[in-house]
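Report on one structure; see the data block that follows.
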Amino acid sequence: MRILIWIKENLLGSKTDILITLISAYFIYFISSLFFNFVFTTDWTLIQVNRKILLVGLFPEEQLWRIWTVFSIFSILISATIGYLYKLKLKNSIFYITILSIPFFIFTTLNLLFNILIILFFSIISYTAFYYFKKNQKKIISRILLFSWIVFLPSLFFILVLFGGPKVTLWGGFFVNLILAVIAIIAGFPLGVFLALGRASSYNVIKLVSIVFIETFRGAPLIAWLFFAWFVLPNFLPNLFSLNDINLVIRAMIVLSLFSSAYIAEVIRGGLQSIPKGQKEAATALGLSSIKELIFIVLPQAIRVVIPAVVSTFIAIFKDTSLVFILGITDLLRVGRLIPEQQQEFYGKSIETLLVVALLFWVVSIVLSQVSRSIEERLNVSN
Amino acid sequence: MISSLFKQLKSETTTRKKIEVLKNDKSFRKFFIQFIFSIFMLFFLFYLISRAFSLELGFGHLSSRAGFGLSHSFIIEYTSNDSRWGAYFTGVINTIRVSLVGIFLATFLGVIMGLARLSKNFLISKISAGYVEFLRNTPLLVQIIFWQLVLLQLPQISNALTFGGVSVWSNRGILLPIISSVENGSLWVLILLISLIVTLFIRSYLHKYKEENVKIFSPNLLSIIFFLITVIVSYFILGIDLRSDVPTLEINEYGTYIQSGGFVLTPEFSAILFALVLYTGTFITEIVRGSIQSLPVGQTEAAQALGLSTYQRITLVILPQALRSIIPPLTNQYLNLTKNSSLSVAIAYPDVFMVSRTIMNNAGHALPMLFLILSTYLSLSLLISLIMNLLNRRVTRIGT
Amino acid sequence: MLNFRTKTIVILSLLFSMFVIFACTAEETSSNSGSGSNTLATIIDRGELVCGVNDNLTGFGVVNSAGQFEGFDIDFCKAVAAAILGDAGKVEYVPLTASARFEALAANEIDILIRNTTWTASRDRDLGNDFTAPTFYDGQGMMVKASSGYDSIEAMEGATVCVLQGTTTELNLDDRFTGMDYTPLTFETNDPLQAAYEEGRCDGWTTDKSGLASKRAGFSTPSDHVVLAETLSKEPLGPLTRDNDSELYDVVQWVVFGMMQAEESGITSSNVTSMASNPSDPGMARLLGVGFDGGEPSDFGFGIDVNFMQNVISQVGNYGEVYERHLVPLGLTREGSLNAQWTDGGLIYAPPFR
């Protein structure tokens with residue numbers, strides 16, 4: 001009975017309402033039938049066969065343990081952080097589990113399953129461990145967590161490259177997109193903070209330089225910057241450490257970091273502007289020097305206010321990593337486009353690969369935006 | 001300020017105390033830090049410039065013959081005999097063309113979807129939510145390629161669909177009838193658009209004078225008269241000969257299908273357009289939604305209490321107020337759309353970036369081309385920001 | 001008393017100025033263009049050859065299902081590596097798009113470029129490259145659907161032609177169609193181009209005839225497509241190095257000539273060791289870097305092992321073997337073409353090893 005009332009109110013309110021409902025229903029039917037028809041009638045073997053190339057490109061088989069190591073450390077750290085900050089609500093967990101299991105089912109084979117289960121096991125252990133210990137030994141736990149993150153980030157690189165790691169030119173597939181995005185964000189964020197501070201500072205020269213930097217990088221599309229990074233950047237790097245000989249992936253990282261720092265700077269500037277003047281005056285009254293005032297009062301508030309915008313910038317950067325094809329880097333999208341072209345047996349199956357590529361990007365972006373929404377809710381509650 | 005500083009310095013005896021004075025003086029500190037910073041920046045700049053000389057510089061290569069053809073040229077007729085500047089300019093026009101149409105369509109779509117999202121109708125609200133969630137989180141490049149593949153599925157030109165002899169649909173493009181002129185047709189349209197904008201400005205100025213009680217007779221009529229005069233005068237000066245242009249599909253003597261007449265929507269242009277509109281539309285949807293949701297609920301309730309229909313409520317009460325907070329983020333999205341049009345390099349639409357690549361391929365000179373591209377996109381961004389700022393000022397003028 | 005803040009500022013500025021001064025003065029110790037470079041020494045130092053290649057052209061440069069590069073051009077990369085480093089496997093392959101290859105070479109990102117590249121005047125001078133003798137005499141052609149009925153370029157009045165960006169193909173196409181109406185569709189990569197051609201978006205596909213042959217072989221029904229007889233241009237394809245890089249240039253040049261000469265002399269990968277231990281004439285001895293009749297082996301001063309050609313031929317093969325391995329399966333026969341030996345009426349001719 002209640003359902004009928006609900007239908008009447010929400011779907012059949014007025015004449016226009018009925019019309020809209022009919023059109024929408026037909027639209028949904030049309031799109032889903034197209035979609036499911038396609039998904040269930042095509043042959044998906046090309047994905048099964050090309051799993052590895054899609055995910056890691058030409059990375060040599062025997063070196064894949066490096067990626068596994070990085071992945072496991074990363075997921076354990078993430079679970080620890082979640083355990084420290086948060087109690088997982090059932091609704092959210094179900095959402096994450098369902099979303100993450102889609103690529104999981106597409107890409108896992110039996111032997112990979114074993115690895116994944118072990119990682120899952122350790123992640124759950126770390127989550128529970130940090131969640132319970134948080135109550136008693138908060139200080140020690142937070143120090144351990146912070147220390148691990150700080151140590152992890154540079155060691156990421158070392159694990160992948162040191163002691164006979166494969167050439168960076170062999171990196172490819174989804175892995176390259178993830179690494180480029182992570183590095184661009186990690187490098188771009190502090191640089192963006194500096195730029196935002198410079199932009200808002202009262203020192204006119206510093207302000208001018210920041211503005212020039214930000215507007216220049218925001219002025220041209222990323223694809224133009226990437227393209228020119230290839231041809232023009234080597235000339236501008238000093239001859240130390242044969243820097244002007246560095247390969248494409250590193251160059252893409254540099255350009256992406258600079259580009260994302262410009263956008264992050266603008267976002268943080270908005271946050272800085274939103275802080276009431278009273279805060280600064282209170283800090284001066286308390287006798288804090290301007291640097292201390294910056295670190296302890298201004299920045300935390302500014303960043304907290306703009307976290308949703310920052311996360312959406314992160315998502316945008318992650319999507320933009322698909323543009324590195326112009327440098328010839330075989331990222332996920334490029335691999336997806338090359339498979340139907342280069343492999344005889346899968347000729348003409350471009351839409352299948354495109355859908356899988358889109359799915360992988362979509363999964364990561366959706367998870368990130370849901371995380372940002374949870375953070376937003378949490379901050380609103382606590383404020 | 002400086003004289004007091006000097007006085008203080010003189011009054012101190014030891015150098016140490018003098019340094020103390022300098023350190024504590026705020027304006028000197030500011031000056032000093034900026035001075036040091038500028039020295040470093042100058043060094044850095046000097047380093048960059050000295051490095052730049054190892055690259056090819058100069059724009060001379062742009063005056064030589066292009067030698068390559070372009071598939072889309074609008075307003076100006078580009079041939080391979082033109083100079084590279086001509087090719088570049090064609091690219092700029094192509095970029096403007098897709099960006100302009102994209103901006104309009106994306107705004108339209110975004111507003112509709114934003115309103116749909118907030119509608120009471122469950123289905124359409126969910127469709128809008130799904131639209132945003134799916135298309136916002138997929139990279140634009142993937143969407144462009146997807147649309148290109150989809151548009152290639154249209155029938156081949158030998159089996160083209162004709163609709164009453166008026167429109168032809170195939171995977172070589174959608175042909176639509178249009179009214180055009182033998183000569184100077186696009187130029188006239190350009191003049192029409194410009195005079196329309198000028199007319200609107202004149203109208204607002206005349207209205208302003210009217211408010212200030214200067215005796216002006218019906219500003220609206222005057223503006224319309226002005227517009228009509230411009231239209232008619234330019235019509236005759238340019239020798240416009242209007243005729244309806246119905247597209248035809250012919251086969252020449254060798255069996256090649258020739259599309260002539262009418263207005264061609266090529267699959268490349270359409271693919272970029274669809275992808276850009278759908279992608280940017282998601283962001284605009286969210287902006288519109290956020291903006292409407294930030295309005296006090298009382299507005300909606302008051303409008304309903306007054307007995308306004310839903311349509312009236314939206315157009316007379318909600319949207320005008322929502323406009324106030326929409327424009328800055330909307331401008332941002334327009335700029336993004338314009339810059340994202342450079343992704344047409346993935347399919348064969350010659351925008352300014354792709355033309356630059358071809359020029360660079362044939363003649364090198366990467367650094368000057370970078371500056372050229374930077375300036376082009378910066379000017380376009382500036383133009384869009386200027387127009388939107390004017391709109392913003394007008395919209396936020398009333399009230400607070 | 002210097003407090004913490006001042007100390008930090010002073011230290012940071014010192015570090016920064018050190019960096020700046022260091023960077024400014026550590027200039028151009030090994031510049032690339034203008035004053036000349038010695039990439040050969042770099043290669044030997046590095047222990048690996050960095051070769052710019054194609055990863056998307058069957059027969060010339062492509063990645064097989066095992067993830068390895070193979071093709072006609074790839075084999076020449078291997079040959080150069082075998083000559084310089086003694087091991088044909090010591091190559092790092094850098095796949096490049098057509099529009100990016102020259103800048104990659106100029107930017108020192110690769111040592112040599114062997115990527116079905118045409119030798120033209122502007123590329124030689126303007127772009128700062130040096131071309132060795134062509135390894136493959138090609139020409140630009142046009143592929144059309146058999147059902148279209150085109151028999152010559154003249155018949156393609158008003159047609160739409162798909163072409164890849166950044167090659168001489170665009171310019172040649174435009175030159176050929178002077179006076180004729182046509183629409184070029186310029187793509188950045190091959191995958192959308194191929195899709196467009198197959199779906200009938202364009203009437204023809206133009207690129208080097210070798211490329212057309214390889215693509216045509218990959219279609220589901222090759223007989224549905226026809227490569228027109230007319231050649232739109234001369235496209236001599238071969239390896240290239242940077243300008244003023246003579247040591248490396250000479251090595252690459254003479255590796256190529258050595259492979260051609262080996263075929264002419266009848267030396268193959270199977271008999272090279274026996275030929276080397278017992279050369280049948282002084283010419284063969286000089287080629288293989290061994291002494292003849294108890295004499296000294298000839299060292300031409302390339303800066304690499306005297307018996308480099310032995311490494312090349314045993315590990316890669318002679319010109320004919322390489323050609324047969326990769327291009328004959330595509331249907332590119334040598335008989336009667338420009339790519340036959342000069343003794344058979346073609347253009348494959350090696351100057352004397354003397």
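Chain labels A, B, ... are given in the sequence in which chains occur in the structure tokens; within each chain residues are numbered consecutively from 1, and ligands are likewise numbered from 1 in the order shown.
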I'd like to know which residues of segment 45-236 of chain B are strand (DSSP E or B) (by DSSP, run on the backbone); could you write them as a VMD selection string?
chain B and resid 65 83 161 to 163 167 to 170 173 to 176 178 to 181
What are the residues of chain B that have an atom within 8 Å of an atom of chain A, counting only C-alpha atoms, as a ChimeraX atom specification?
/B:30,34,37-38,48,51-52,54-55,120-124,127,133-134,137-142,146,149,339-340,342-343,353,366-367,370,373-374,377-378,381
Next, dump the selected residues to file, keeping only N, CA and C atoms, as a CSV table (one decimal), in the first residue's frame.
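Contents of the output file out.csv:
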chain,number,residue,atom,x,y,z
B,30,LYS,N,60.9,43.0,4.6
B,30,LYS,CA,60.2,42.7,3.4
B,30,LYS,C,61.0,42.9,2.2
B,34,GLN,N,62.5,40.0,-0.4
B,34,GLN,CA,62.1,40.1,-1.8
B,34,GLN,C,63.3,40.3,-2.7
B,37,PHE,N,65.1,37.0,-3.0
B,37,PHE,CA,64.3,36.2,-3.9
B,37,PHE,C,64.4,36.5,-5.3
B,38,SER,N,64.4,37.9,-5.6
B,38,SER,CA,64.5,38.3,-7.0
B,38,SER,C,65.9,37.9,-7.6
B,48,LEU,N,67.6,29.6,-17.6
B,48,LEU,CA,66.6,29.1,-18.6
B,48,LEU,C,66.8,29.7,-20.0
B,51,ARG,N,69.7,28.4,-21.8
B,51,ARG,CA,69.5,27.0,-22.2
B,51,ARG,C,68.6,27.1,-23.5
B,52,ALA,N,67.7,28.1,-23.5
B,52,ALA,CA,66.8,28.1,-24.6
B,52,ALA,C,67.5,28.3,-25.9
B,54,SER,N,69.8,26.8,-27.2
B,54,SER,CA,70.2,25.6,-27.8
B,54,SER,C,69.1,25.0,-28.7
B,55,LEU,N,67.9,25.6,-28.5
B,55,LEU,CA,66.8,25.1,-29.3
B,55,LEU,C,66.6,26.0,-30.5
B,120,LYS,N,11.2,16.0,-8.1
B,120,LYS,CA,10.6,15.0,-7.2
B,120,LYS,C,10.5,13.7,-7.9
B,121,ASN,N,10.5,13.7,-9.2
B,121,ASN,CA,10.3,12.5,-10.0
B,121,ASN,C,11.5,11.6,-9.7
B,122,PHE,N,11.2,10.4,-9.2
B,122,PHE,CA,12.3,9.5,-8.7
B,122,PHE,C,13.1,9.1,-9.9
B,123,LEU,N,12.5,8.7,-11.0
B,123,LEU,CA,13.2,8.1,-12.1
B,123,LEU,C,14.2,9.1,-12.7
B,124,ILE,N,13.7,10.3,-13.0
B,124,ILE,CA,14.5,11.2,-13.7
B,124,ILE,C,15.7,11.7,-12.8
B,127,ILE,N,18.2,9.0,-13.0
B,127,ILE,CA,18.9,9.0,-14.3
B,127,ILE,C,20.0,10.1,-14.3
B,133,GLU,N,27.4,10.2,-12.3
B,133,GLU,CA,28.4,9.3,-11.7
B,133,GLU,C,29.2,8.5,-12.8
B,134,PHE,N,28.5,8.1,-13.8
B,134,PHE,CA,29.2,7.3,-14.8
B,134,PHE,C,30.1,8.2,-15.7
B,137,ASN,N,33.3,10.1,-14.0
B,137,ASN,CA,34.5,9.4,-13.6
B,137,ASN,C,35.2,8.6,-14.6
B,138,THR,N,34.8,8.8,-15.9
B,138,THR,CA,35.5,8.2,-17.0
B,138,THR,C,36.4,9.2,-17.7
B,139,PRO,N,37.6,8.9,-18.0
B,139,PRO,CA,38.4,9.9,-18.7
B,139,PRO,C,37.8,10.4,-20.0
B,140,LEU,N,38.0,11.7,-20.3
B,140,LEU,CA,37.4,12.3,-21.5
B,140,LEU,C,37.9,11.6,-22.7
B,141,LEU,N,39.2,11.2,-22.7
B,141,LEU,CA,39.7,10.6,-23.9
B,141,LEU,C,39.0,9.3,-24.3
B,142,VAL,N,38.7,8.5,-23.2
B,142,VAL,CA,38.0,7.3,-23.5
B,142,VAL,C,36.6,7.6,-24.1
B,146,PHE,N,35.3,6.4,-27.7
B,146,PHE,CA,34.0,5.7,-27.8
B,146,PHE,C,33.1,6.2,-28.8
B,149,LEU,N,34.0,5.5,-32.3
B,149,LEU,CA,33.7,4.2,-32.8
B,149,LEU,C,32.2,4.1,-33.0
B,339,LYS,N,40.1,23.9,-23.2
B,339,LYS,CA,41.4,23.3,-23.2
B,339,LYS,C,41.2,21.8,-23.5
B,340,ASN,N,40.1,21.2,-23.1
B,340,ASN,CA,40.0,19.8,-23.4
B,340,ASN,C,39.7,19.5,-24.9
B,342,SER,N,41.6,20.2,-27.1
B,342,SER,CA,42.8,19.8,-27.7
B,342,SER,C,43.0,18.2,-27.8
B,343,LEU,N,42.1,17.5,-27.1
B,343,LEU,CA,42.1,16.1,-27.2
B,343,LEU,C,41.7,15.5,-28.5
B,353,PHE,N,45.9,22.5,-31.6
B,353,PHE,CA,47.0,21.7,-31.1
B,353,PHE,C,47.5,20.7,-32.2
B,366,ALA,N,60.3,23.7,-31.8
B,366,ALA,CA,59.3,23.3,-30.7
B,366,ALA,C,59.0,24.5,-29.8
B,367,LEU,N,60.0,25.2,-29.3
B,367,LEU,CA,59.8,26.2,-28.3
B,367,LEU,C,58.9,27.3,-28.8
B,370,LEU,N,55.4,26.2,-28.7
B,370,LEU,CA,54.9,26.2,-27.4
B,370,LEU,C,54.4,27.5,-26.9
B,373,ILE,N,51.1,28.3,-28.8
B,373,ILE,CA,50.0,27.6,-28.2
B,373,ILE,C,49.6,28.2,-26.9
B,374,LEU,N,50.6,28.5,-26.0
B,374,LEU,CA,50.3,29.1,-24.8
B,374,LEU,C,49.5,30.3,-24.9
B,377,TYR,N,45.8,29.7,-26.2
B,377,TYR,CA,44.9,29.2,-25.2
B,377,TYR,C,44.7,30.2,-24.1
B,378,LEU,N,45.7,31.0,-23.7
B,378,LEU,CA,45.6,32.0,-22.7
B,378,LEU,C,44.6,33.1,-23.2
B,381,SER,N,41.2,31.8,-23.0
B,381,SER,CA,40.7,31.8,-21.6
B,381,SER,C,40.3,33.2,-21.2
Using only C-alpha atoms for the distances, tell me which of C:Ile267, C:Ala213, C:Ala41, C:Leu287 is nearest to Phe300 of chain C.
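Looking at the shortest contact to Phe300 of chain C, the residue is C:Leu287.
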Could you please write out, as number ranges by chain, every residue of segment 135-271 of chain A that DSSP assigns to alpha helix (DSSP H)?
A: 135-136, 138-161, 173-200, 204-219, 222-236, 248-271
For atom CA of Tyr197 of chain C and atom CA of Val161 of chain C, quote the distance in Å rounded to one decimal.
8.5 Å
Selection near segment 166-174 of chain A, 9 Å with only C-alpha atoms, sequence-local residues under 2 positions removed, as number ranges by chain:
A: 52-60, 63, 160-162, 164, 176-179, 247-250, 329-336, 357, 360-361; C: 92-94
Å distance separating atom CA of Thr300 of chain B from atom CA of Glu286 of chain B, one decimal place:
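Between these atoms lies a distance of 19.3 Å.
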Counting only C-alpha atoms, the option among A:Leu327, A:Val356, A:Ile150, A:Leu85 closest to chain C:
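Checking each of A:Leu327, A:Val356, A:Ile150, A:Leu85 against chain C, counting only C-alpha atoms, the winner is A:Leu327.
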Contact residues around segment 40-49 of chain A with only C-alpha atoms at 10 Å, ignoring same-chain residues under 2 positions, as a list in words
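After dropping sequence-adjacent residues, the list is Phe35, Phe36, Asn37, Phe38, Arg51, Lys52, Ile53, Leu54, Ile106, Phe107, Thr108, Thr109, Gly336, Ile339, Pro340, Gln343, Glu345, Phe346, Tyr347, Lys349, Glu352, Thr353 and Val356 of chain A.
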The selected residues should be written to file as an mmCIF file, in the first residue's frame (atoms: N, CA, C and O atoms).
data_model
loop_
_atom_site.group_PDB
_atom_site.id
_atom_site.type_symbol
_atom_site.label_atom_id
_atom_site.label_comp_id
_atom_site.auth_asym_id
_atom_site.auth_seq_id
_atom_site.Cartn_x
_atom_site.Cartn_y
_atom_site.Cartn_z
ATOM 1 N N PHE A 35 23.206 -2.171 -23.399
ATOM 2 C CA PHE A 35 24.398 -2.481 -22.643
ATOM 3 C C PHE A 35 24.482 -3.957 -22.308
ATOM 4 O O PHE A 35 25.477 -4.627 -22.598
ATOM 5 N N PHE A 36 23.426 -4.487 -21.695
ATOM 6 C CA PHE A 36 23.512 -5.877 -21.259
ATOM 7 C C PHE A 36 23.542 -6.828 -22.432
ATOM 8 O O PHE A 36 24.201 -7.863 -22.389
ATOM 9 N N ASN A 37 22.840 -6.462 -23.499
ATOM 10 C CA ASN A 37 22.916 -7.252 -24.712
ATOM 11 C C ASN A 37 24.363 -7.391 -25.162
ATOM 12 O O ASN A 37 24.849 -8.482 -25.441
ATOM 13 N N PHE A 38 25.030 -6.252 -25.203
ATOM 14 C CA PHE A 38 26.411 -6.268 -25.636
ATOM 15 C C PHE A 38 27.271 -7.084 -24.694
ATOM 16 O O PHE A 38 28.063 -7.924 -25.116
ATOM 17 N N ARG A 51 45.266 -10.062 -19.702
ATOM 18 C CA ARG A 51 45.239 -9.520 -18.349
ATOM 19 C C ARG A 51 46.506 -8.781 -17.983
ATOM 20 O O ARG A 51 46.481 -7.664 -17.500
ATOM 21 N N LYS A 52 47.608 -9.496 -18.207
ATOM 22 C CA LYS A 52 48.855 -8.935 -17.704
ATOM 23 C C LYS A 52 49.196 -7.641 -18.412
ATOM 24 O O LYS A 52 49.562 -6.652 -17.791
ATOM 25 N N ILE A 53 49.061 -7.637 -19.749
ATOM 26 C CA ILE A 53 49.458 -6.431 -20.474
ATOM 27 C C ILE A 53 48.601 -5.246 -20.081
ATOM 28 O O ILE A 53 49.061 -4.135 -19.970
ATOM 29 N N LEU A 54 47.312 -5.510 -19.849
ATOM 30 C CA LEU A 54 46.439 -4.418 -19.466
ATOM 31 C C LEU A 54 46.835 -3.838 -18.123
ATOM 32 O O LEU A 54 46.792 -2.642 -17.914
ATOM 33 N N ILE A 106 37.148 -9.685 -12.831
ATOM 34 C CA ILE A 106 37.583 -9.685 -14.220
ATOM 35 C C ILE A 106 39.027 -10.135 -14.332
ATOM 36 O O ILE A 106 39.410 -10.819 -15.260
ATOM 37 N N PHE A 107 39.832 -9.732 -13.381
ATOM 38 C CA PHE A 107 41.264 -9.893 -13.579
ATOM 39 C C PHE A 107 41.923 -11.005 -12.781
ATOM 40 O O PHE A 107 43.103 -11.267 -12.971
ATOM 41 N N THR A 108 41.211 -11.632 -11.889
ATOM 42 C CA THR A 108 41.914 -12.621 -11.065
ATOM 43 C C THR A 108 41.878 -13.999 -11.681
ATOM 44 O O THR A 108 40.888 -14.415 -12.248
ATOM 45 N N THR A 109 42.977 -14.676 -11.582
ATOM 46 C CA THR A 109 43.018 -16.091 -11.945
ATOM 47 C C THR A 109 43.287 -16.876 -10.680
ATOM 48 O O THR A 109 43.493 -16.312 -9.617
ATOM 49 N N GLY A 336 44.843 -0.835 -24.356
ATOM 50 C CA GLY A 336 43.503 -1.243 -24.783
ATOM 51 C C GLY A 336 43.272 -0.964 -26.256
ATOM 52 O O GLY A 336 42.609 -1.733 -26.945
ATOM 53 N N ILE A 339 45.508 -3.591 -28.478
ATOM 54 C CA ILE A 339 45.182 -5.018 -28.500
ATOM 55 C C ILE A 339 44.378 -5.413 -29.734
ATOM 56 O O ILE A 339 44.775 -6.319 -30.468
ATOM 57 N N PRO A 340 43.260 -4.756 -30.035
ATOM 58 C CA PRO A 340 42.531 -5.202 -31.223
ATOM 59 C C PRO A 340 43.311 -4.957 -32.497
ATOM 60 O O PRO A 340 43.081 -5.621 -33.507
ATOM 61 N N GLN A 343 46.707 -7.747 -32.283
ATOM 62 C CA GLN A 343 46.504 -9.171 -32.112
ATOM 63 C C GLN A 343 45.436 -9.636 -33.060
ATOM 64 O O GLN A 343 44.271 -9.278 -32.944
ATOM 65 N N GLU A 345 43.702 -12.281 -33.599
ATOM 66 C CA GLU A 345 42.482 -12.999 -33.264
ATOM 67 C C GLU A 345 41.418 -12.088 -32.645
ATOM 68 O O GLU A 345 40.251 -12.430 -32.611
ATOM 69 N N PHE A 346 41.841 -10.917 -32.169
ATOM 70 C CA PHE A 346 40.856 -10.050 -31.524
ATOM 71 C C PHE A 346 40.571 -8.831 -32.371
ATOM 72 O O PHE A 346 40.257 -7.764 -31.865
ATOM 73 N N TYR A 347 40.692 -8.991 -33.660
ATOM 74 C CA TYR A 347 40.562 -7.865 -34.548
ATOM 75 C C TYR A 347 39.177 -7.231 -34.476
ATOM 76 O O TYR A 347 38.186 -7.924 -34.492
ATOM 77 N N LYS A 349 37.702 -5.700 -32.064
ATOM 78 C CA LYS A 349 36.965 -5.714 -30.803
ATOM 79 C C LYS A 349 37.323 -4.504 -29.951
ATOM 80 O O LYS A 349 37.606 -4.623 -28.773
ATOM 81 N N GLU A 352 35.033 -3.579 -26.716
ATOM 82 C CA GLU A 352 35.203 -4.378 -25.495
ATOM 83 C C GLU A 352 36.340 -3.842 -24.648
ATOM 84 O O GLU A 352 36.183 -3.622 -23.438
ATOM 85 N N THR A 353 37.508 -3.655 -25.294
ATOM 86 C CA THR A 353 38.654 -3.179 -24.515
ATOM 87 C C THR A 353 38.378 -1.800 -23.954
ATOM 88 O O THR A 353 38.737 -1.496 -22.821
ATOM 89 N N VAL A 356 36.379 -2.080 -20.781
ATOM 90 C CA VAL A 356 37.154 -2.537 -19.629
ATOM 91 C C VAL A 356 38.054 -1.419 -19.111
ATOM 92 O O VAL A 356 38.170 -1.187 -17.904
#
Which polymer residues have any atom within 9 Å of an atom of Gln315 of chain C, counting only C-alpha atoms, with same-chain residues fewer than 4 positions away left out, as an NGL selection string?
:C and (78-79 or 82 or 87-88 or 269 or 310-311)
Would you write out those residues with N, CA, C and O atoms, as a PDB file, in the first residue's frame?
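Just written: again_38.pdb:
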ATOM      1  N   LYS C  78      69.578  -5.062 -33.930  1.00  0.00           N
ATOM      2  CA  LYS C  78      70.326  -6.171 -33.343  1.00  0.00           C
ATOM      3  C   LYS C  78      71.708  -6.270 -33.978  1.00  0.00           C
ATOM      4  O   LYS C  78      72.712  -6.515 -33.302  1.00  0.00           O
ATOM      5  N   ALA C  79      71.751  -6.052 -35.316  1.00  0.00           N
ATOM      6  CA  ALA C  79      73.029  -6.158 -36.012  1.00  0.00           C
ATOM      7  C   ALA C  79      74.012  -5.121 -35.494  1.00  0.00           C
ATOM      8  O   ALA C  79      75.184  -5.418 -35.243  1.00  0.00           O
ATOM      9  N   ALA C  82      75.204  -6.159 -32.161  1.00  0.00           N
ATOM     10  CA  ALA C  82      76.161  -7.270 -32.269  1.00  0.00           C
ATOM     11  C   ALA C  82      77.506  -6.750 -32.702  1.00  0.00           C
ATOM     12  O   ALA C  82      78.550  -7.200 -32.227  1.00  0.00           O
ATOM     13  N   ASP C  87      76.900  -8.536 -28.807  1.00  0.00           N
ATOM     14  CA  ASP C  87      75.722  -9.321 -28.405  1.00  0.00           C
ATOM     15  C   ASP C  87      74.484  -8.650 -28.968  1.00  0.00           C
ATOM     16  O   ASP C  87      74.170  -7.512 -28.614  1.00  0.00           O
ATOM     17  N   ALA C  88      73.793  -9.383 -29.835  1.00  0.00           N
ATOM     18  CA  ALA C  88      72.618  -8.794 -30.481  1.00  0.00           C
ATOM     19  C   ALA C  88      71.482  -8.575 -29.496  1.00  0.00           C
ATOM     20  O   ALA C  88      70.520  -7.893 -29.801  1.00  0.00           O
ATOM     21  N   SER C 269      74.287 -17.012 -42.054  1.00  0.00           N
ATOM     22  CA  SER C 269      74.487 -17.250 -40.630  1.00  0.00           C
ATOM     23  C   SER C 269      74.917 -18.674 -40.353  1.00  0.00           C
ATOM     24  O   SER C 269      75.538 -18.960 -39.332  1.00  0.00           O
ATOM     25  N   GLN C 310      81.421 -10.851 -38.219  1.00  0.00           N
ATOM     26  CA  GLN C 310      81.139 -12.240 -37.858  1.00  0.00           C
ATOM     27  C   GLN C 310      80.028 -12.280 -36.827  1.00  0.00           C
ATOM     28  O   GLN C 310      79.098 -13.088 -36.915  1.00  0.00           O
ATOM     29  N   ASN C 311      80.131 -11.386 -35.820  1.00  0.00           N
ATOM     30  CA  ASN C 311      79.075 -11.328 -34.815  1.00  0.00           C
ATOM     31  C   ASN C 311      77.739 -11.010 -35.454  1.00  0.00           C
ATOM     32  O   ASN C 311      76.715 -11.621 -35.153  1.00  0.00           O
TER      33      ASN C 311
END
Best match for closeness to chain C among B:Gln8, B:Ser71, B:Thr280, B:Asn24, counting only C-alpha atoms:
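With only C-alpha atoms as the atom set, the closest residue is B:Ser71.
Summary of the local environment: counting only C-alpha atoms, residues at most 7 Å from segment 149-158 of chain C, other than itself and those fewer than 6 positions away along its chain, are Tyr254, Thr256 and Ile258 of chain B; Met180, Asp181, Tyr182, Leu228 and Glu230 of chain C.
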So that I have them on file, write out the residues from the current selection with N, CA and C atoms, as a tab-separated table (two decimals), in the first residue's frame.
chain	number	residue	atom	x	y	z
B	254	TYR	N	33.75	8.39	-61.29
B	254	TYR	CA	34.60	7.28	-60.88
B	254	TYR	C	33.97	6.45	-59.77
B	256	THR	N	33.01	7.74	-56.84
B	256	THR	CA	33.21	8.32	-55.52
B	256	THR	C	31.96	9.08	-55.11
B	258	ILE	N	30.19	12.03	-53.59
B	258	ILE	CA	30.50	13.40	-53.24
B	258	ILE	C	29.34	13.97	-52.46
C	180	MET	N	43.39	18.37	-57.99
C	180	MET	CA	42.26	17.48	-57.76
C	180	MET	C	41.66	17.80	-56.41
C	181	ASP	N	40.38	17.57	-56.32
C	181	ASP	CA	39.68	17.81	-55.07
C	181	ASP	C	39.83	16.59	-54.17
C	182	TYR	N	40.19	16.80	-52.92
C	182	TYR	CA	40.26	15.65	-52.02
C	182	TYR	C	40.16	16.14	-50.59
C	228	LEU	N	47.00	0.18	-55.06
C	228	LEU	CA	47.11	0.67	-56.42
C	228	LEU	C	48.56	0.60	-56.90
C	230	GLU	N	50.29	2.66	-58.72
C	230	GLU	CA	51.08	3.88	-58.78
C	230	GLU	C	51.83	4.13	-57.49
Please identify every residue of chain B that has at least one atom no farther than 6 Å from an atom of chain C, counting only C-alpha atoms, and for each give the shortest atom pair and the distance in Å to one decimal, arranged by chain then increasing number, as CSV.
residue,atom,partner,partner_atom,distance
B:Gly67,CA,C:Leu171,CA,5.6
B:Phe68,CA,C:Leu171,CA,5.3
B:Ser71,CA,C:Pro184,CA,5.4
B:Gln156,CA,C:Gly200,CA,5.8
B:Asn171,CA,C:Arg201,CA,5.9
B:Arg172,CA,C:Arg201,CA,5.3
B:Tyr254,CA,C:Ala155,CA,5.6
B:Ala346,CA,C:Glu188,CA,5.9
B:Ile347,CA,C:Phe187,CA,5.8
B:Ala348,CA,C:Phe187,CA,4.9
B:Thr358,CA,C:Gly166,CA,5.7
B:Asn361,CA,C:Gly166,CA,5.4
